[in-house]
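Below: the structure, in structure tokens.
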Amino acid sequence: MTTRNFTRRGVMKSTAVTAGGLALPTIFTGSSAAAFTNEPTGSTVTLGFNVPQTGAYAEEGLDELRAQQLAVEHLNGEGDGGMLNTFSSKVLDGTGIMGKRVEFVTGDTQTKSDVARATAQSMIQKDGAVMINGGSSSGVAIAVQGLCQEAGVIFMAGLTHSNDTTGKDKKRNGFRHFFNGYMSGAALGPVLEQAYGNERRAYHLTADYTWGWTQEESMIAATEALGWETVETVLTPVGAGDFSSYIAPVMNSGADVLILNHYGGDMVNSLTQAVQFGLRDRQVNGNNFEIIVPLYSELMAAGAGEAIKGVYGSMNWNWQLQDEGTAAFTRSFGEKYGFPPSGSAHTCYVQTLLYADAVTRAGSFNPCAVVEALEGFEFDGMGNGPTLYRAEDHQCFKDVLVMKGAENPTTPFDNLEIVEVTPVEQVMYEPDHPMFAGGDLGECNPGE
Amino acid sequence: MDAIILQILNGLDKGSAYALIALGLTLIFGTLGVVNFAHGALFMIGAFCAVTVQRLMQLSHTEIDESRTDFLGNPLQVEVPYLESWFGPELGQALISWSVPLAILLAIPVMMLVGWIMERGLIQHFYKRPHADQILVTFGLAIVLQEIIRQFYGANPIPTPAPDALRGSVDFGVWLGFGPGVIFYPVWRFVYFLFSLLIIGGVFAFLQFTTFGMVVRAGMADRETVGLLGIDIDKRFTLMFGIAAAVAGLAGVMYTPILSPNYHMGMDFLVLSFVVVVVGGMGSLPGAVLSGFLLGIVQSFASMNEVKAILPGIDQIIIYLVAIIILLTRPRGLLGRRGVMEE
Amino acid sequence: MLGIGKRDTTILLVVAFMALAAPIILNPFPANSAMAQFNAGYPDLMQRFVIFGIFAIGFNILFGLTGYLSFGHAAFLGAGSYAAVWMFKLLSFNVIPAVLLSIVVAALFSVLIGFISLRRSGIYFSILTLAFAQMSYNLAYSVLTPLTNGETGLQVYTSDPQYLRGEGDPIVTHLFGLEMRAKETLELGPWAFDFSVGYYFCAILMLISFYISIRIFRSPFGLMLRAVKSNNHRLSYTGLNSRPYALTAFIISGAYAGLAGGLLAAMDPLAGAERMQWTASGEVVLMTILGGAGTLIGPVLGAGFIKYCENIFSKINENVLHSWFAALPDGLETGLVWVASKFVGEGWHLTLGLMFMLVVIFLPGGLVEGGQRIGRALRRRRGQDEPGRSAAKEPAE
């Protein structure tokens, strides 16, 4: 473990800024005085954590919130420092960000684009947040990313897996640490080939909205590249609850693999019900019938219970990884809250640290300076090995995990096991790949 | 053909749930004239009765396994249910797996009590208030109930599997003369269907063949006259509210293996249950049951690929479309009575 | 004044004062104090207050006057928003065509739905409207994605044509060059007040809507609508067909909803499908009943109340609570924070549900009745010198 260094420079800088902040005239300062939106002038800087706290993704959101709180503690020099000790960039010294103590505000997105924009607006307009972090769905991420671009603050996306977030809806002020549908497909492909061979017939059930479609497109591309045949793709309404009328036709369709492009409650229900229908006990075309869930999360796996045993899927990150950064984060999160962090918690934690690091390296909170510092940034020590924030589309590139439902979990936390860590080269794609084409980062917007 | 039979089975199964919820809702409408937006919450509480029983049966003590470590590197603490240590792992697990059916025993008294408290504590003060007020107060209550459940059980869905013996699926097609392996259907869904027929039959028999039921039916038709005859109709209506709550709750208990319960499942069913009741016709119990099964079957057929290929997205709107068509051709739904909730 | 009675003029003036001075009234606490958490005077929330106020005022013209309880008004809100964003995409960021078209589209949409739904009354009417709105929502979320951009919400891209956009025009929504997001901040000592262009644009439209609604309430047409509510049968026996009146009210309230939707898009050019969901329809019903159905000012109060809960209570997290109770001894602090955290932050729904119940149980006339009771109590304390006024039971307006 490394010790944190409290540099003299950092301390001096912080006092200077504090003094400057106090010296500002407080009567009749127009909004035009700041160089960019919500320039922090006092001794603190405010980050906005915008996550679902009610509705179907509430647990996911609350876990993100825990991780963000932990990140703030570590930035302010409290706790054991977590990943600050393993992060390859060493400019963060536990004195906040550039000497300013980090504070945060929280909001409830309710997983609705409208509400998420309203809470983000309130963080920007009322609380003076310079950065918005978190969220648990692609629709919300894209909506809030657009808002942050217009308002001139940085957006870090949280859990969003749609190709569009860093594809056709990418924005200069927004970054995504999470992986995406294409990467899931690319990572799962070889593992599926090894496990199930080249002559499979796949049946897709897909949640009928943008994430579902990009996920389906990516999975079809990946499986057809293996030589698999796509028998049928069926769109299911979001929140259908009972999927029986979509699952029953799978039985006599001649398919021997069912791919569930569902997430959240839909995934829990469709997977549970598919297993109930005895699909996995069937033999079709001389093969065992298999089910695949391209995007896993710990919470959804817990919700599906025993149904996930032996089911393949992919993840952005999992606490069972063996690297130093993962161990450090899992330890400090686990000691504080009593259970290991989820993948989306990791994303939000890392994004908070990366933002702080970028500000410090840039020497400014100005979103344009931060964007410049993050674009093309390469680092290590945050889990997933060497990682790149690609400048062309603001997508993060790192190793992707292929997971499988564990046969004999001993605790509630290891119901998924890591099958393979797919190296980053294998999930890399060109920025103008057809699945991501059509977007434009635009110019960075510092606001005001 | 096999596809059609499968969809009929799916439709009957969906329909059982719709019919049970609509039945309870209509009991409350018909007897008390109250628009109960908390009815979905009663369904949800029933489901959480099953979760509670499951938790109770899994009550466990911790044993420390020195040979393995947990995620923090400490010795692993293994939770062993008391049932397993008393009866051995095999029998213990088998017993635990029966927690959903056993939950019926808990759900009946709990739901009756919840219904009684709701009626005496809140609803009875709203009989004479406008429907709008009833909606507001019961909607508020629904939110409060689901938030309370969330405080205890969190927001994530909780897996509540069916008993091991009833978990798989059966080759139903063989019974109908199809080849083996053509029509597989989950056992539990058959159980749910039969269970709902039992409950529906029970409620009808109760209203039809008991003196109590006769009085209640009379009260539904003309409350004042029954009152004038010196019968304390209020007390009977309170009990009817309890029964309606129990019907909703039992529907929830038995649905848990099909739909992992979460705290907002009541709200998810709320709109649908009102559509079912209104399509059936306000105040008509047979109407509610009929409409439940009808909408279930229609919805199942609308989700077939062949149908969706012609009309994309039809499965998303079919329930509402059918509701509109029925209400426009039959002014008071399938079997509704004149003058009920038309003001 | 303005063709309305003295009492109504007073109400209008009070509402006008409240609306215009809202940036000051809603920010009563110094910006850096612990109580600043409760300040609601920032542009986005104030805009929502008045926009949902318009929505509720319009809903009240239908429900408050005719008694027809529509559970599908969110469809018009959504249709208005989509129309407005399409105007931004095709023409320019000027809000005038967008708002105008949103009213027109929503009104046309409500002609269609109203004409069919009004063939039934009571709960059958409610379910018909609900069915239409849910169909709109489900389709907008999935199949109609080319038109609505589905889950993400319809937004303006730089690649959109914007045929009428001039060279130097702002790339944000504006009124002939005056940017909606522009604001002037007035700092008075520790207080900070935001005066935003967008807010005043909405507020003025809200006042106009409110004025029109007063005129409707007091007109012969309004009287006819009340007759529809109190006894539809008797009305039909007199040989009058009430349906055209009800339909007119339905269309007017649909147009109000469209205006609200258009304004939401004008303040923030993104239209999400969930604006059409039944929860959104239910919300405006709750706003109206909570505030006081059939009263002029009630719906506005209800709208403000619910939006305040949603935006302010949901943001109070445990950290904030700890800072409030920090002065107390440790055990007590933890206890208080634990209790309070159940009602705010992630638990804000619980507060909302309890408020619904308390208001409807103890104030059958909604928040307006609460205000009246306080007013009466004050008057009573002032003495018995005005027996005439306190004795007369004032209509809830």
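Chain lettering (A, B, ...) mirrors the order of the structure tokens, residue numbering begins at 1 for each chain separately, and ligand numbering begins at 1 in order of display.
Residues within 12 Å of Met1 in chain B, counting only C-alpha atoms and excluding same-chain residues fewer than 2 positions away, are Pro249 and Asn252 of chain A; Ala3, Ile4, Ile5, Leu6, Gln7, Ile8, Gly173, Leu176, Gly177, Phe178, Val182 and Ile183 of chain B.
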* Could you give me, as a VMD selection string, each residue of range 154-215 of chain A that DSSP assigns to alpha helix (DSSP H) when run on this structure's backbone? => chain A and resid 181 to 196 210 to 215
Dump C-alpha atoms for the selected residues as a PDB file, in the first residue's frame?
ATOM      1  CA  GLY A 181     -23.855  -3.982 -26.394  1.00  0.00           C
ATOM      2  CA  TYR A 182     -21.266  -4.441 -29.090  1.00  0.00           C
ATOM      3  CA  MET A 183     -18.603  -5.320 -26.520  1.00  0.00           C
ATOM      4  CA  SER A 184     -20.927  -7.842 -24.865  1.00  0.00           C
ATOM      5  CA  GLY A 185     -21.437  -9.576 -28.175  1.00  0.00           C
ATOM      6  CA  ALA A 186     -17.747  -9.506 -29.049  1.00  0.00           C
ATOM      7  CA  ALA A 187     -16.764 -10.906 -25.656  1.00  0.00           C
ATOM      8  CA  LEU A 188     -19.437 -13.591 -25.544  1.00  0.00           C
ATOM      9  CA  GLY A 189     -18.812 -14.824 -29.093  1.00  0.00           C
ATOM     10  CA  PRO A 190     -15.682 -16.925 -28.565  1.00  0.00           C
ATOM     11  CA  VAL A 191     -16.900 -18.304 -25.240  1.00  0.00           C
ATOM     12  CA  LEU A 192     -20.189 -19.365 -26.786  1.00  0.00           C
ATOM     13  CA  GLU A 193     -18.365 -20.966 -29.672  1.00  0.00           C
ATOM     14  CA  GLN A 194     -16.252 -22.998 -27.293  1.00  0.00           C
ATOM     15  CA  ALA A 195     -19.200 -23.982 -25.123  1.00  0.00           C
ATOM     16  CA  TYR A 196     -21.898 -24.570 -27.689  1.00  0.00           C
ATOM     17  CA  THR A 210     -33.602   1.300 -27.997  1.00  0.00           C
ATOM     18  CA  TRP A 211     -31.282  -0.580 -25.650  1.00  0.00           C
ATOM     19  CA  GLY A 212     -32.959  -3.877 -26.478  1.00  0.00           C
ATOM     20  CA  TRP A 213     -32.594  -3.308 -30.191  1.00  0.00           C
ATOM     21  CA  THR A 214     -28.897  -2.412 -30.083  1.00  0.00           C
ATOM     22  CA  GLN A 215     -28.277  -5.386 -27.806  1.00  0.00           C
TER      23      GLN A 215
END
So which residues touch Ala35 in chain A within 8 Å, counting only C-alpha atoms, skipping near sequence neighbours fewer than 5 positions away, as a short mmCIF file (atom, residue, chain, number, x, y, z; two decimals) with N, CA and C atoms, in the first residue's frame?
data_model
loop_
_atom_site.label_atom_id
_atom_site.label_comp_id
_atom_site.auth_asym_id
_atom_site.auth_seq_id
_atom_site.Cartn_x
_atom_site.Cartn_y
_atom_site.Cartn_z
N ASN A 366 -12.81 23.77 -15.47
CA ASN A 366 -13.46 24.09 -16.74
C ASN A 366 -13.74 22.81 -17.53
N PRO A 446 -18.44 24.90 -22.25
CA PRO A 446 -18.16 25.27 -20.86
C PRO A 446 -19.32 26.03 -20.22
N GLU A 448 -22.11 29.18 -19.58
CA GLU A 448 -22.06 30.61 -19.24
C GLU A 448 -21.08 31.37 -20.12
#
* Test item: chain C residues at most 6 Å from chain B, counting only C-alpha atoms, as a VMD selection string -> chain C and resid 121 to 123 128 131 135 143 350 353 356 to 357
Chain A residues near chain B within 9 Å, closest pair each, using only C-alpha atoms, as CSV:
residue,atom,partner,partner_atom,distance
A:Thr54,CA,B:Ala155,CA,7.9
A:Gly55,CA,B:His264,CA,7.2
A:Ala56,CA,B:Ala155,CA,6.8
A:Tyr57,CA,B:Ala155,CA,7.5
A:Ala58,CA,B:Ala155,CA,5.9
A:Glu59,CA,B:Ala155,CA,5.7
A:Glu60,CA,B:Asn156,CA,8.5
A:Asp208,CA,B:Gly313,CA,8.9
A:Glu232,CA,B:Asn305,CA,9.0
A:Val234,CA,B:Asn305,CA,7.1
A:Leu235,CA,B:Gly313,CA,8.2
A:Thr236,CA,B:Asp315,CA,8.2
A:Pro237,CA,B:Gln316,CA,6.0
A:Val238,CA,B:Gln316,CA,9.0
A:Gly239,CA,B:Asp268,CA,8.3
A:Ala240,CA,B:Gln316,CA,8.8
A:Gly241,CA,B:Leu259,CA,6.6
A:Asp242,CA,B:Leu259,CA,6.9
A:Ser244,CA,B:Asn10,CA,6.2
A:Ser245,CA,B:Ser300,CA,5.4
A:Tyr246,CA,B:Ser303,CA,6.5
A:Ala248,CA,B:Leu6,CA,6.5
A:Pro249,CA,B:Ala3,CA,6.4
A:Met251,CA,B:Val182,CA,7.7
A:Asn252,CA,B:Val182,CA,6.8
A:Gly265,CA,B:Pro157,CA,7.0
A:Val268,CA,B:Ser260,CA,7.4
A:Asn269,CA,B:Leu259,CA,6.0
A:Thr272,CA,B:Ile258,CA,7.6
A:Gln273,CA,B:Ile258,CA,6.5
A:Val275,CA,B:Gly168,CA,8.4
A:Gln276,CA,B:Pro186,CA,5.8
A:Phe277,CA,B:Pro186,CA,5.1
A:Gly278,CA,B:Ser169,CA,5.7
A:Arg282,CA,B:Gly181,CA,8.6
A:Leu299,CA,B:Asn156,CA,7.1
A:Met300,CA,B:Asn156,CA,7.7
A:Ala302,CA,B:Ile158,CA,7.6
A:Gly303,CA,B:Pro157,CA,5.0
A:Ala304,CA,B:Pro159,CA,5.8
A:Gly305,CA,B:Pro159,CA,5.4
A:Glu306,CA,B:Pro159,CA,8.1
A:Trp319,CA,B:Phe71,CA,8.2
A:Gln320,CA,B:Phe71,CA,7.9
A:Ala327,CA,B:Leu72,CA,8.7
A:Thr330,CA,B:Leu72,CA,7.6
A:Arg331,CA,B:Leu72,CA,5.9
A:Gly334,CA,B:Leu72,CA,6.8
A:Glu335,CA,B:Leu72,CA,7.7
A:Phe339,CA,B:Phe71,CA,8.1
A:Pro340,CA,B:Phe71,CA,6.9
A:Thr410,CA,B:Val78,CA,7.4
A:Thr411,CA,B:Val78,CA,7.3
A:Phe413,CA,B:Phe71,CA,8.4
A:Asp414,CA,B:Phe71,CA,9.0
May I have the residues from that selection written out with C-alpha atoms, as a compact mmCIF listing (two decimals), in the first residue's frame?
# COMPACT_ATOMS: atom_id res chain seq x y z
CA THR A 54 -37.50 4.73 -6.52
CA GLY A 55 -38.96 2.38 -9.13
CA ALA A 56 -37.61 -0.84 -10.58
CA TYR A 57 -33.91 0.08 -10.52
CA ALA A 58 -33.89 1.57 -7.02
CA GLU A 59 -31.48 -1.00 -5.54
CA GLU A 60 -29.08 -0.50 -8.43
CA ASP A 208 -38.90 -3.34 -27.24
CA GLU A 232 -36.55 -15.55 -34.93
CA VAL A 234 -39.39 -11.24 -31.09
CA LEU A 235 -39.93 -7.89 -29.43
CA THR A 236 -41.54 -7.97 -25.99
CA PRO A 237 -43.19 -5.05 -24.23
CA VAL A 238 -41.17 -3.53 -21.40
CA GLY A 239 -42.52 -4.59 -18.02
CA ALA A 240 -44.62 -7.40 -19.51
CA GLY A 241 -44.40 -9.37 -16.27
CA ASP A 242 -45.68 -12.65 -17.65
CA SER A 244 -45.26 -17.05 -21.12
CA SER A 245 -46.89 -16.17 -24.42
CA TYR A 246 -43.49 -15.22 -25.83
CA ALA A 248 -44.09 -20.91 -25.41
CA PRO A 249 -43.49 -20.49 -29.17
CA MET A 251 -40.32 -24.66 -27.89
CA ASN A 252 -41.31 -25.83 -31.32
CA GLY A 265 -37.20 -6.97 -13.83
CA VAL A 268 -35.61 -11.74 -13.89
CA ASN A 269 -39.08 -12.71 -15.03
CA THR A 272 -37.29 -17.54 -14.42
CA GLN A 273 -40.26 -18.35 -16.61
CA VAL A 275 -36.57 -22.17 -16.95
CA GLN A 276 -40.03 -23.02 -15.58
CA PHE A 277 -41.15 -23.96 -19.05
CA GLY A 278 -38.46 -26.59 -18.95
CA ARG A 282 -34.95 -30.01 -23.57
CA LEU A 299 -28.80 -7.57 -8.42
CA MET A 300 -30.69 -9.07 -11.32
CA ALA A 302 -29.98 -12.33 -7.21
CA GLY A 303 -33.55 -11.65 -8.31
CA ALA A 304 -33.56 -14.59 -10.71
CA GLY A 305 -32.27 -16.95 -8.01
CA GLU A 306 -31.56 -20.50 -9.11
CA TRP A 319 -15.62 -7.93 -7.39
CA GLN A 320 -14.16 -11.42 -7.89
CA ALA A 327 -9.21 -5.87 -4.20
CA THR A 330 -13.93 -4.33 -2.69
CA ARG A 331 -12.20 -4.15 0.68
CA GLY A 334 -17.18 -4.24 1.90
CA GLU A 335 -15.84 -2.97 5.19
CA PHE A 339 -21.31 -6.68 1.18
CA PRO A 340 -19.31 -6.49 -2.02
CA THR A 410 -21.79 -20.56 -1.05
CA THR A 411 -22.86 -17.00 -0.26
CA PHE A 413 -22.58 -12.76 -3.41
CA ASP A 414 -20.94 -15.35 -5.60
Sorted per-residue table, chain A near chain C, closest atoms and distance, 9 Å, only C-alpha atoms, as a tab-separated table:
residue	atom	partner	partner_atom	distance
A:Thr26	CA	C:Gly189	CA	6.3
A:Ile27	CA	C:Glu187	CA	5.1
A:Phe28	CA	C:Glu187	CA	5.0
A:Thr29	CA	C:Glu187	CA	6.5
A:Gly30	CA	C:Thr185	CA	5.5
A:Ser31	CA	C:Thr185	CA	5.9
A:Ser32	CA	C:Glu184	CA	8.9
A:Pro52	CA	C:Glu346	CA	8.6
A:Gln53	CA	C:Glu346	CA	5.0
A:Thr54	CA	C:Glu346	CA	6.2
A:Ala58	CA	C:Glu346	CA	8.3
A:Leu62	CA	C:Glu346	CA	8.5
A:Phe104	CA	C:Asn319	CA	8.9
A:Val105	CA	C:Lys315	CA	7.2
A:Thr106	CA	C:Lys315	CA	5.5
A:Gly107	CA	C:Lys315	CA	4.9
A:Asp108	CA	C:Ser314	CA	6.1
A:Lys112	CA	C:Glu274	CA	6.8
A:Ser113	CA	C:Gly272	CA	6.2
A:Asp114	CA	C:Gly272	CA	6.1
A:Val115	CA	C:Asn311	CA	8.9
A:Arg117	CA	C:Asp268	CA	8.7
A:Ala118	CA	C:Asp44	CA	6.9
A:Thr119	CA	C:Asn311	CA	6.7
A:Gln121	CA	C:Asp44	CA	6.4
A:Ser122	CA	C:Asp44	CA	6.7
A:Gln125	CA	C:Tyr42	CA	6.3
A:Lys126	CA	C:Tyr42	CA	5.8
A:Asp127	CA	C:Gln37	CA	8.9
A:Ser138	CA	C:Thr152	CA	7.3
A:Gly139	CA	C:Thr152	CA	3.9
A:Val140	CA	C:Thr152	CA	6.6
A:Ala141	CA	C:Thr152	CA	8.4
A:Ile142	CA	C:Thr152	CA	6.5
A:Ala143	CA	C:Thr152	CA	6.3
A:Gly146	CA	C:Gln155	CA	8.6
A:Leu147	CA	C:Asp268	CA	8.3
A:Glu150	CA	C:Val172	CA	8.1
A:Asp169	CA	C:Tyr157	CA	8.8
A:Asp208	CA	C:Ser142	CA	5.7
A:Tyr209	CA	C:Ser142	CA	5.5
A:Thr210	CA	C:Glu151	CA	6.5
A:Trp211	CA	C:Glu151	CA	8.6
A:Pro237	CA	C:Ser142	CA	8.0
A:Val238	CA	C:Ser142	CA	9.0
A:Asp440	CA	C:Thr158	CA	8.5
A:Gly442	CA	C:Thr158	CA	8.5
Using only C-alpha atoms, please write the residues we just selected to a file, as a CSV table (one decimal), in the first residue's frame.
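And here is the file that came out, result.csv:
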chain,number,residue,atom,x,y,z
A,26,THR,CA,-21.4,39.4,-2.9
A,27,ILE,CA,-23.8,42.1,-4.0
A,28,PHE,CA,-25.1,42.2,-7.6
A,29,THR,CA,-22.8,39.7,-9.2
A,30,GLY,CA,-24.3,38.8,-12.4
A,31,SER,CA,-24.1,35.3,-13.7
A,32,SER,CA,-21.7,36.3,-16.4
A,52,PRO,CA,-32.8,6.0,-9.5
A,53,GLN,CA,-33.9,5.8,-5.9
A,54,THR,CA,-37.5,4.7,-6.5
A,58,ALA,CA,-33.9,1.6,-7.0
A,62,LEU,CA,-28.7,3.0,-4.1
A,104,PHE,CA,-22.2,16.1,-3.2
A,105,VAL,CA,-25.9,16.3,-3.8
A,106,THR,CA,-28.2,13.5,-4.7
A,107,GLY,CA,-31.3,13.2,-6.8
A,108,ASP,CA,-33.9,10.6,-7.8
A,112,LYS,CA,-37.5,8.4,-16.4
A,113,SER,CA,-35.7,10.7,-18.8
A,114,ASP,CA,-37.9,13.7,-17.9
A,115,VAL,CA,-37.5,13.4,-14.2
A,117,ARG,CA,-33.3,15.9,-16.5
A,118,ALA,CA,-35.3,17.8,-13.9
A,119,THR,CA,-33.1,16.5,-11.0
A,121,GLN,CA,-31.2,20.7,-13.7
A,122,SER,CA,-31.8,21.3,-10.1
A,125,GLN,CA,-29.1,25.4,-11.3
A,126,LYS,CA,-29.6,25.3,-7.5
A,127,ASP,CA,-26.7,23.4,-6.0
A,138,SER,CA,-29.6,4.2,-21.5
A,139,GLY,CA,-32.6,6.4,-22.2
A,140,VAL,CA,-31.9,8.4,-19.0
A,141,ALA,CA,-28.1,8.5,-19.7
A,142,ILE,CA,-28.6,9.9,-23.2
A,143,ALA,CA,-31.2,12.4,-22.0
A,146,GLY,CA,-27.7,16.0,-23.8
A,147,LEU,CA,-28.7,18.3,-20.9
A,150,GLU,CA,-26.3,22.2,-23.2
A,169,ASP,CA,-26.0,10.2,-29.2
A,208,ASP,CA,-38.9,-3.3,-27.2
A,209,TYR,CA,-36.9,-0.2,-26.8
A,210,THR,CA,-33.6,1.3,-28.0
A,211,TRP,CA,-31.3,-0.6,-25.6
A,237,PRO,CA,-43.2,-5.0,-24.2
A,238,VAL,CA,-41.2,-3.5,-21.4
A,440,ASP,CA,-21.2,13.8,-33.6
A,442,GLY,CA,-19.7,18.4,-31.2
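Minimum atom-to-atom distances from C:Tyr199, C:Phe193, C:Trp324, C:Tyr308 to Asn27 in chain C were compared using only C-alpha atoms, and the lowest value belongs to C:Phe193.
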* Would you give me, as a ChimeraX atom specification, the residues in range 74-248 of chain C that DSSP reads as strand (DSSP E or B)? -> /C:94,154-155,174-175,178-179,183-188,191-196
* Expressed in Å to a single decimal, how great is the separation between CA of Ala406 in chain A and CA of Ile308 in chain A? -> 7.7 Å
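Near Val370 in chain A, within 10 Å and counting only C-alpha atoms, sit Val153, Ile154, Asn173, Tyr355, Ala356, Asp357, Ala358, Val359, Thr360, Arg361, Ala362, Gly363, Ser364 and Cys444 of chain A; same-chain residues fewer than 6 positions away were not included.
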* Structure fact -> Atom pair CA of Ala248 in chain B + CA of Phe43 in chain B, distance 4.8 Å
